[in-house]
Amino acid sequence: MFDIERWQEIFDTIRKNRLRTVLTGISVASGIFILVILLGFGQGMQNGIAQEFEEDASNRIGVWTQVTTKEYKGLNPGRPIRLRNGNYTYIEDKYADELEYKSPNFRVFNASINYKKESGAYSVQGISPEYQQIENEFITKGRFLNYKDHQSVSKVAVISNKIHRELLQGEEDPVGRELKIADLSFKIIGVYGDKGGEREEDRVYIPLSTGQRVFNGGDSLNMMFFTLKPAPTFEQTLEESIKFTDEIKTYLKQAHTVAPDDMSAINTFNTLENVQRFMNLIGGIKFFFWFVGVCTIIAGIVGVSNIMLIIVKERTREIGIRKALGAKPWSIIGMILHEAIFVTAVSGFGGLIFSMGLLEIIGPNVEVDYVVNPSIDFNVALTTVLLLIFAGTLAGFFPAWRAARIKPIEALKEE
């Protein structure tokens, strides 16, 4: 006799199993999706940090001074320290074989600059020609300063694209024009741009010797900049730059009679140390992203294992009938594993395709502070999905093994 209630119960069970399977698949897919998106943004942060440091030389070392904070050799604290040309020359000569680029810097903030009827206040910096490489400036018109300009104390200037646009009203070719700095005429020999954008283009460059003479600077300097020749590895380069920084700080403290433990009078910054700090930070963030993503995937795998256990329990009678008809244990295991592999494979690749597609669409358009073009290596993502499928197979194996060990008589008695 046809038992409607029995068949309705069977159909309800099938629907429940399929619903559980779908929900488990969504959980697995969301795990892969979350992991890929998080890793993509981790890479975006790394790209953003790299771009920030590309604006200047990545191994730049800067030196500047303030006032003393400790009494030393009869000299009171609060004494201002001033760098001199002789300090720069000493370092330049002593470390000639180690230095890649170097430049002193004498600067005047908010100097009055006039061109015809236009005027503005910009930073005027006296530098050496190698400052172009240190700041990663690029020339759009004319040329940069050279050593002949410095030796002859030439009244020449290199202006920025921003100043060209603001002060010269974008004249087609400003090279050869004259503008006034501190009421003295300077010939424009070039126009530069900066990878850092307009925020780095409020400066006019003139030869160091000219700047010190025009602004009564004598032989004083505001800063000194150096880059070292790169070593074979980042770690070696960082170690050598730290050693160089420590040595010049020691020399400058001795030259200016500053207490060895005075942390204020002589100051330095080392971009490589900043790079290392940021990379360590990004490494920690990436580890956290991996942790969150993997935990989400594990939750999905546990779901796969649980749904396989439920399926095995609810198909116990079917499995008993199959075994009674001669089904081998491995065919029972294969039947359960197929479903586990299918769920993890479809869900995993679905999450991968959706997340990779999303990154491809929005990634190139993301340019916020310290996050640029979030993306992920396809091989890394694919390897993750394959590992997920393997884990899903293991998760389904134990319920399958349990199913294979069910005795037909006991299975047929199961309600």
# chains A, B, ... in the order shown; residues from 1 in each chain; ligands from 1
$ select_by_dssp --residues "region 111-340 of chain A" --states "helix (DSSP H, G or I)" --output "VMD selection string"
chain A and resid 131 to 135 147 to 151 161 to 166 198 to 200 208 to 214 234 to 255 271 to 314 316 to 324 329 to 340
$ select_by_dssp --residues "region 66-204 of chain A" --states "strand (DSSP E)" --output "MDAnalysis selection string"
chainID A and resid 83:84 99:115 118:127 137:142 156:160 178:181 184:194 203:204
$ closest_residue --among "A:Gln43, A:Gln125, A:Ser154, A:Ser119" --to "Leu359 (chain A)" --atoms "only C-alpha atoms"
A:Gln43
$ closest_residue --among "A:Leu272, A:Ala157, A:Ile298, A:Val258" --to "Asn76 (chain A)" --atoms "only C-alpha atoms"
A:Val258
$ atom_distance --atom1 "CA of Phe186 (chain A)" --atom2 "CA of Asn216 (chain A)"
16.8 Å
$ residues_around --residues "Asp219 (chain A)" --least-positions-apart "3" --cutoff "10 Å" --atoms "only C-alpha atoms" --output "count of residues only"
11
$ residues_around --residues "region 138-150 of chain A" --least-positions-apart "2" --cutoff "12 Å" --atoms "only C-alpha atoms" --output "PDB file with N, CA and C atoms, in the first residue's frame"
ATOM      1  N   GLU A  55      58.504  57.744  -3.343  1.00  0.00           N
ATOM      2  CA  GLU A  55      58.513  59.181  -3.608  1.00  0.00           C
ATOM      3  C   GLU A  55      59.886  59.781  -3.354  1.00  0.00           C
ATOM      4  N   ASP A  56      60.629  59.209  -2.443  1.00  0.00           N
ATOM      5  CA  ASP A  56      62.008  59.609  -2.186  1.00  0.00           C
ATOM      6  C   ASP A  56      62.875  58.366  -2.285  1.00  0.00           C
ATOM      7  N   SER A 103      74.028  65.233  -0.325  1.00  0.00           N
ATOM      8  CA  SER A 103      73.765  66.646  -0.570  1.00  0.00           C
ATOM      9  C   SER A 103      73.572  67.377   0.755  1.00  0.00           C
ATOM     10  N   PRO A 104      74.215  68.528   0.904  1.00  0.00           N
ATOM     11  CA  PRO A 104      73.885  69.403   2.028  1.00  0.00           C
ATOM     12  C   PRO A 104      72.588  70.138   1.687  1.00  0.00           C
ATOM     13  N   GLN A 125      65.700  76.390  -1.365  1.00  0.00           N
ATOM     14  CA  GLN A 125      66.662  75.441  -0.806  1.00  0.00           C
ATOM     15  C   GLN A 125      67.943  75.439  -1.620  1.00  0.00           C
ATOM     16  N   GLY A 126      69.047  75.675  -0.898  1.00  0.00           N
ATOM     17  CA  GLY A 126      70.359  75.565  -1.511  1.00  0.00           C
ATOM     18  C   GLY A 126      70.852  74.135  -1.373  1.00  0.00           C
ATOM     19  N   ILE A 127      71.153  73.500  -2.487  1.00  0.00           N
ATOM     20  CA  ILE A 127      71.482  72.068  -2.489  1.00  0.00           C
ATOM     21  C   ILE A 127      72.613  71.799  -3.466  1.00  0.00           C
ATOM     22  N   SER A 128      73.030  70.532  -3.506  1.00  0.00           N
ATOM     23  CA  SER A 128      73.987  70.089  -4.517  1.00  0.00           C
ATOM     24  C   SER A 128      73.234  69.310  -5.590  1.00  0.00           C
ATOM     25  N   PRO A 129      73.834  69.056  -6.756  1.00  0.00           N
ATOM     26  CA  PRO A 129      73.128  68.393  -7.862  1.00  0.00           C
ATOM     27  C   PRO A 129      72.556  67.022  -7.517  1.00  0.00           C
ATOM     28  N   GLU A 130      73.211  66.280  -6.596  1.00  0.00           N
ATOM     29  CA  GLU A 130      72.759  64.916  -6.304  1.00  0.00           C
ATOM     30  C   GLU A 130      71.468  64.867  -5.493  1.00  0.00           C
ATOM     31  N   TYR A 131      71.006  66.032  -5.079  1.00  0.00           N
ATOM     32  CA  TYR A 131      69.744  66.079  -4.354  1.00  0.00           C
ATOM     33  C   TYR A 131      68.589  65.620  -5.237  1.00  0.00           C
ATOM     34  N   GLN A 132      68.743  65.744  -6.538  1.00  0.00           N
ATOM     35  CA  GLN A 132      67.706  65.289  -7.465  1.00  0.00           C
ATOM     36  C   GLN A 132      67.444  63.796  -7.293  1.00  0.00           C
ATOM     37  N   GLN A 133      68.500  62.989  -7.163  1.00  0.00           N
ATOM     38  CA  GLN A 133      68.340  61.547  -6.986  1.00  0.00           C
ATOM     39  C   GLN A 133      67.805  61.213  -5.594  1.00  0.00           C
ATOM     40  N   ILE A 134      68.215  61.987  -4.602  1.00  0.00           N
ATOM     41  CA  ILE A 134      67.766  61.724  -3.240  1.00  0.00           C
ATOM     42  C   ILE A 134      66.272  61.950  -3.107  1.00  0.00           C
ATOM     43  N   GLU A 135      65.760  62.991  -3.776  1.00  0.00           N
ATOM     44  CA  GLU A 135      64.332  63.309  -3.702  1.00  0.00           C
ATOM     45  C   GLU A 135      63.527  62.687  -4.838  1.00  0.00           C
ATOM     46  N   ASN A 136      64.211  61.990  -5.744  1.00  0.00           N
ATOM     47  CA  ASN A 136      63.534  61.382  -6.903  1.00  0.00           C
ATOM     48  C   ASN A 136      62.762  62.414  -7.720  1.00  0.00           C
ATOM     49  N   SER A 152      80.616  78.298  -9.288  1.00  0.00           N
ATOM     50  CA  SER A 152      80.628  79.689  -9.761  1.00  0.00           C
ATOM     51  C   SER A 152      79.608  80.572  -9.033  1.00  0.00           C
ATOM     52  N   VAL A 153      78.974  80.031  -7.992  1.00  0.00           N
ATOM     53  CA  VAL A 153      77.965  80.757  -7.202  1.00  0.00           C
ATOM     54  C   VAL A 153      76.948  81.421  -8.153  1.00  0.00           C
ATOM     55  N   SER A 154      76.448  80.635  -9.072  1.00  0.00           N
ATOM     56  CA  SER A 154      75.539  81.155 -10.095  1.00  0.00           C
ATOM     57  C   SER A 154      74.156  81.467  -9.519  1.00  0.00           C
ATOM     58  N   LYS A 155      73.567  82.514 -10.027  1.00  0.00           N
ATOM     59  CA  LYS A 155      72.203  82.861  -9.630  1.00  0.00           C
ATOM     60  C   LYS A 155      71.238  82.193 -10.612  1.00  0.00           C
ATOM     61  N   VAL A 156      71.098  80.921 -10.449  1.00  0.00           N
ATOM     62  CA  VAL A 156      70.194  80.125 -11.282  1.00  0.00           C
ATOM     63  C   VAL A 156      69.228  79.381 -10.360  1.00  0.00           C
ATOM     64  N   ALA A 157      68.086  79.012 -10.898  1.00  0.00           N
ATOM     65  CA  ALA A 157      67.059  78.358 -10.079  1.00  0.00           C
ATOM     66  C   ALA A 157      66.321  77.303 -10.883  1.00  0.00           C
ATOM     67  N   VAL A 158      65.897  76.252 -10.177  1.00  0.00           N
ATOM     68  CA  VAL A 158      65.025  75.224 -10.749  1.00  0.00           C
ATOM     69  C   VAL A 158      63.702  75.317 -10.005  1.00  0.00           C
ATOM     70  N   ILE A 159      62.625  75.561 -10.744  1.00  0.00           N
ATOM     71  CA  ILE A 159      61.312  75.711 -10.126  1.00  0.00           C
ATOM     72  C   ILE A 159      60.484  74.447 -10.365  1.00  0.00           C
ATOM     73  N   SER A 160      59.390  74.314  -9.638  1.00  0.00           N
ATOM     74  CA  SER A 160      58.528  73.138  -9.776  1.00  0.00           C
ATOM     75  C   SER A 160      57.409  73.390 -10.788  1.00  0.00           C
ATOM     76  N   ASN A 161      56.763  72.319 -11.184  1.00  0.00           N
ATOM     77  CA  ASN A 161      55.603  72.446 -12.066  1.00  0.00           C
ATOM     78  C   ASN A 161      54.518  73.311 -11.421  1.00  0.00           C
ATOM     79  N   LYS A 162      54.347  73.151 -10.109  1.00  0.00           N
ATOM     80  CA  LYS A 162      53.334  73.929  -9.394  1.00  0.00           C
ATOM     81  C   LYS A 162      53.657  75.425  -9.435  1.00  0.00           C
ATOM     82  N   HIS A 164      55.608  76.909 -11.584  1.00  0.00           N
ATOM     83  CA  HIS A 164      55.475  77.304 -12.990  1.00  0.00           C
ATOM     84  C   HIS A 164      54.030  77.680 -13.307  1.00  0.00           C
ATOM     85  N   GLU A 171      53.441  79.775 -18.410  1.00  0.00           N
ATOM     86  CA  GLU A 171      54.112  80.166 -19.665  1.00  0.00           C
ATOM     87  C   GLU A 171      54.709  78.926 -20.324  1.00  0.00           C
ATOM     88  N   GLU A 172      54.599  78.868 -21.635  1.00  0.00           N
ATOM     89  CA  GLU A 172      54.958  77.645 -22.360  1.00  0.00           C
ATOM     90  C   GLU A 172      56.377  77.188 -22.062  1.00  0.00           C
ATOM     91  N   ASP A 173      57.341  78.080 -22.081  1.00  0.00           N
ATOM     92  CA  ASP A 173      58.731  77.702 -21.820  1.00  0.00           C
ATOM     93  C   ASP A 173      59.363  78.717 -20.863  1.00  0.00           C
ATOM     94  N   PRO A 174      59.399  78.376 -19.560  1.00  0.00           N
ATOM     95  CA  PRO A 174      59.954  79.316 -18.587  1.00  0.00           C
ATOM     96  C   PRO A 174      61.481  79.326 -18.549  1.00  0.00           C
ATOM     97  N   VAL A 175      62.122  78.338 -19.192  1.00  0.00           N
ATOM     98  CA  VAL A 175      63.585  78.257 -19.160  1.00  0.00           C
ATOM     99  C   VAL A 175      64.178  79.509 -19.809  1.00  0.00           C
ATOM    100  N   GLY A 176      65.082  80.145 -19.080  1.00  0.00           N
ATOM    101  CA  GLY A 176      65.702  81.369 -19.566  1.00  0.00           C
ATOM    102  C   GLY A 176      65.047  82.621 -19.021  1.00  0.00           C
ATOM    103  N   ARG A 177      63.847  82.477 -18.456  1.00  0.00           N
ATOM    104  CA  ARG A 177      63.177  83.626 -17.839  1.00  0.00           C
ATOM    105  C   ARG A 177      63.862  83.965 -16.521  1.00  0.00           C
ATOM    106  N   LYS A 187      68.037  83.271 -12.872  1.00  0.00           N
ATOM    107  CA  LYS A 187      67.650  82.725 -14.170  1.00  0.00           C
ATOM    108  C   LYS A 187      67.084  81.321 -13.981  1.00  0.00           C
ATOM    109  N   ILE A 188      65.925  81.074 -14.542  1.00  0.00           N
ATOM    110  CA  ILE A 188      65.316  79.737 -14.465  1.00  0.00           C
ATOM    111  C   ILE A 188      66.010  78.825 -15.477  1.00  0.00           C
ATOM    112  N   ILE A 189      66.564  77.718 -14.977  1.00  0.00           N
ATOM    113  CA  ILE A 189      67.260  76.788 -15.876  1.00  0.00           C
ATOM    114  C   ILE A 189      66.501  75.471 -16.038  1.00  0.00           C
ATOM    115  N   GLY A 190      65.468  75.261 -15.227  1.00  0.00           N
ATOM    116  CA  GLY A 190      64.737  74.002 -15.346  1.00  0.00           C
ATOM    117  C   GLY A 190      63.454  74.003 -14.537  1.00  0.00           C
ATOM    118  N   VAL A 191      62.592  73.047 -14.875  1.00  0.00           N
ATOM    119  CA  VAL A 191      61.336  72.830 -14.146  1.00  0.00           C
ATOM    120  C   VAL A 191      61.292  71.355 -13.752  1.00  0.00           C
ATOM    121  N   TYR A 192      60.980  71.098 -12.482  1.00  0.00           N
ATOM    122  CA  TYR A 192      60.964  69.711 -12.004  1.00  0.00           C
ATOM    123  C   TYR A 192      59.570  69.311 -11.535  1.00  0.00           C
ATOM    124  N   GLY A 193      59.364  68.009 -11.447  1.00  0.00           N
ATOM    125  CA  GLY A 193      58.162  67.447 -10.843  1.00  0.00           C
ATOM    126  C   GLY A 193      58.579  66.471  -9.760  1.00  0.00           C
ATOM    127  N   ASP A 194      57.678  66.208  -8.845  1.00  0.00           N
ATOM    128  CA  ASP A 194      57.978  65.293  -7.734  1.00  0.00           C
ATOM    129  C   ASP A 194      56.932  64.197  -7.692  1.00  0.00           C
ATOM    130  N   LYS A 195      57.386  62.955  -7.466  1.00  0.00           N
ATOM    131  CA  LYS A 195      56.462  61.824  -7.427  1.00  0.00           C
ATOM    132  C   LYS A 195      55.489  61.929  -6.266  1.00  0.00           C
ATOM    133  N   GLY A 196      55.840  62.736  -5.272  1.00  0.00           N
ATOM    134  CA  GLY A 196      54.943  62.924  -4.138  1.00  0.00           C
ATOM    135  C   GLY A 196      53.798  63.867  -4.426  1.00  0.00           C
ATOM    136  N   GLY A 197      53.772  64.456  -5.614  1.00  0.00           N
ATOM    137  CA  GLY A 197      52.692  65.355  -5.979  1.00  0.00           C
ATOM    138  C   GLY A 197      52.958  66.788  -5.566  1.00  0.00           C
ATOM    139  N   GLU A 201      56.035  70.170  -4.059  1.00  0.00           N
ATOM    140  CA  GLU A 201      56.466  71.082  -5.121  1.00  0.00           C
ATOM    141  C   GLU A 201      56.390  72.550  -4.714  1.00  0.00           C
ATOM    142  N   VAL A 204      61.869  75.914  -4.410  1.00  0.00           N
ATOM    143  CA  VAL A 204      62.732  76.392  -5.492  1.00  0.00           C
ATOM    144  C   VAL A 204      64.156  75.985  -5.123  1.00  0.00           C
ATOM    145  N   TYR A 205      64.833  75.355  -6.056  1.00  0.00           N
ATOM    146  CA  TYR A 205      66.200  74.900  -5.788  1.00  0.00           C
ATOM    147  C   TYR A 205      67.208  75.867  -6.410  1.00  0.00           C
ATOM    148  N   ILE A 206      68.223  76.232  -5.609  1.00  0.00           N
ATOM    149  CA  ILE A 206      69.335  77.052  -6.094  1.00  0.00           C
ATOM    150  C   ILE A 206      70.625  76.404  -5.612  1.00  0.00           C
ATOM    151  N   PRO A 207      71.786  76.749  -6.177  1.00  0.00           N
ATOM    152  CA  PRO A 207      73.037  76.157  -5.700  1.00  0.00           C
ATOM    153  C   PRO A 207      73.275  76.485  -4.223  1.00  0.00           C
ATOM    154  N   LEU A 208      73.875  75.537  -3.493  1.00  0.00           N
ATOM    155  CA  LEU A 208      74.155  75.737  -2.069  1.00  0.00           C
ATOM    156  C   LEU A 208      74.970  77.003  -1.823  1.00  0.00           C
ATOM    157  N   SER A 209      76.042  77.182  -2.576  1.00  0.00           N
ATOM    158  CA  SER A 209      76.916  78.346  -2.368  1.00  0.00           C
ATOM    159  C   SER A 209      76.149  79.652  -2.564  1.00  0.00           C
ATOM    160  N   THR A 210      75.261  79.666  -3.540  1.00  0.00           N
ATOM    161  CA  THR A 210      74.460  80.865  -3.802  1.00  0.00           C
ATOM    162  C   THR A 210      73.486  81.134  -2.659  1.00  0.00           C
ATOM    163  N   GLY A 211      72.833  80.084  -2.186  1.00  0.00           N
ATOM    164  CA  GLY A 211      71.868  80.239  -1.107  1.00  0.00           C
ATOM    165  C   GLY A 211      72.515  80.755   0.169  1.00  0.00           C
ATOM    166  N   GLN A 212      73.699  80.220   0.506  1.00  0.00           N
ATOM    167  CA  GLN A 212      74.373  80.670   1.724  1.00  0.00           C
ATOM    168  C   GLN A 212      74.814  82.132   1.602  1.00  0.00           C
ATOM    169  N   ARG A 213      75.205  82.541   0.419  1.00  0.00           N
ATOM    170  CA  ARG A 213      75.662  83.917   0.239  1.00  0.00           C
ATOM    171  C   ARG A 213      74.487  84.895   0.200  1.00  0.00           C
TER     172      ARG A 213
END
$ closest_residue --among "A:Val63, A:Val294, A:Ile181, A:Ala400" --to "Ala340 (chain A)" --atoms "only C-alpha atoms"
A:Ala400
$ residues_around --residues "Leu35 (chain A)" --least-positions-apart "6" --cutoff "8 Å" --atoms "only C-alpha atoms" --output "list of chain:residue names"
A:Phe289, A:Trp290, A:Val292, A:Gly293, A:Val294
$ write_last_selection --atoms "N, CA, C and O atoms" --output "PDB file, in the first residue's frame"
ATOM      1  N   PHE A 289      45.095  38.593   9.076  1.00  0.00           N
ATOM      2  CA  PHE A 289      44.148  38.314   7.996  1.00  0.00           C
ATOM      3  C   PHE A 289      44.105  36.816   7.684  1.00  0.00           C
ATOM      4  O   PHE A 289      43.033  36.238   7.487  1.00  0.00           O
ATOM      5  N   TRP A 290      45.283  36.189   7.610  1.00  0.00           N
ATOM      6  CA  TRP A 290      45.345  34.749   7.371  1.00  0.00           C
ATOM      7  C   TRP A 290      44.611  33.997   8.482  1.00  0.00           C
ATOM      8  O   TRP A 290      43.855  33.051   8.222  1.00  0.00           O
ATOM      9  N   VAL A 292      42.194  35.036  10.518  1.00  0.00           N
ATOM     10  CA  VAL A 292      40.742  35.202  10.414  1.00  0.00           C
ATOM     11  C   VAL A 292      40.189  34.360   9.265  1.00  0.00           C
ATOM     12  O   VAL A 292      39.184  33.654   9.417  1.00  0.00           O
ATOM     13  N   GLY A 293      40.841  34.431   8.100  1.00  0.00           N
ATOM     14  CA  GLY A 293      40.371  33.690   6.936  1.00  0.00           C
ATOM     15  C   GLY A 293      40.417  32.189   7.151  1.00  0.00           C
ATOM     16  O   GLY A 293      39.457  31.465   6.819  1.00  0.00           O
ATOM     17  N   VAL A 294      41.527  31.696   7.723  1.00  0.00           N
ATOM     18  CA  VAL A 294      41.667  30.257   7.946  1.00  0.00           C
ATOM     19  C   VAL A 294      40.646  29.772   8.968  1.00  0.00           C
ATOM     20  O   VAL A 294      40.066  28.691   8.813  1.00  0.00           O
TER      21      VAL A 294
END
$ closest_residue --among "A:Leu394, A:Ala381, A:Leu184, A:Leu281" --to "Ile113 (chain A)" --atoms "only C-alpha atoms"
A:Leu184
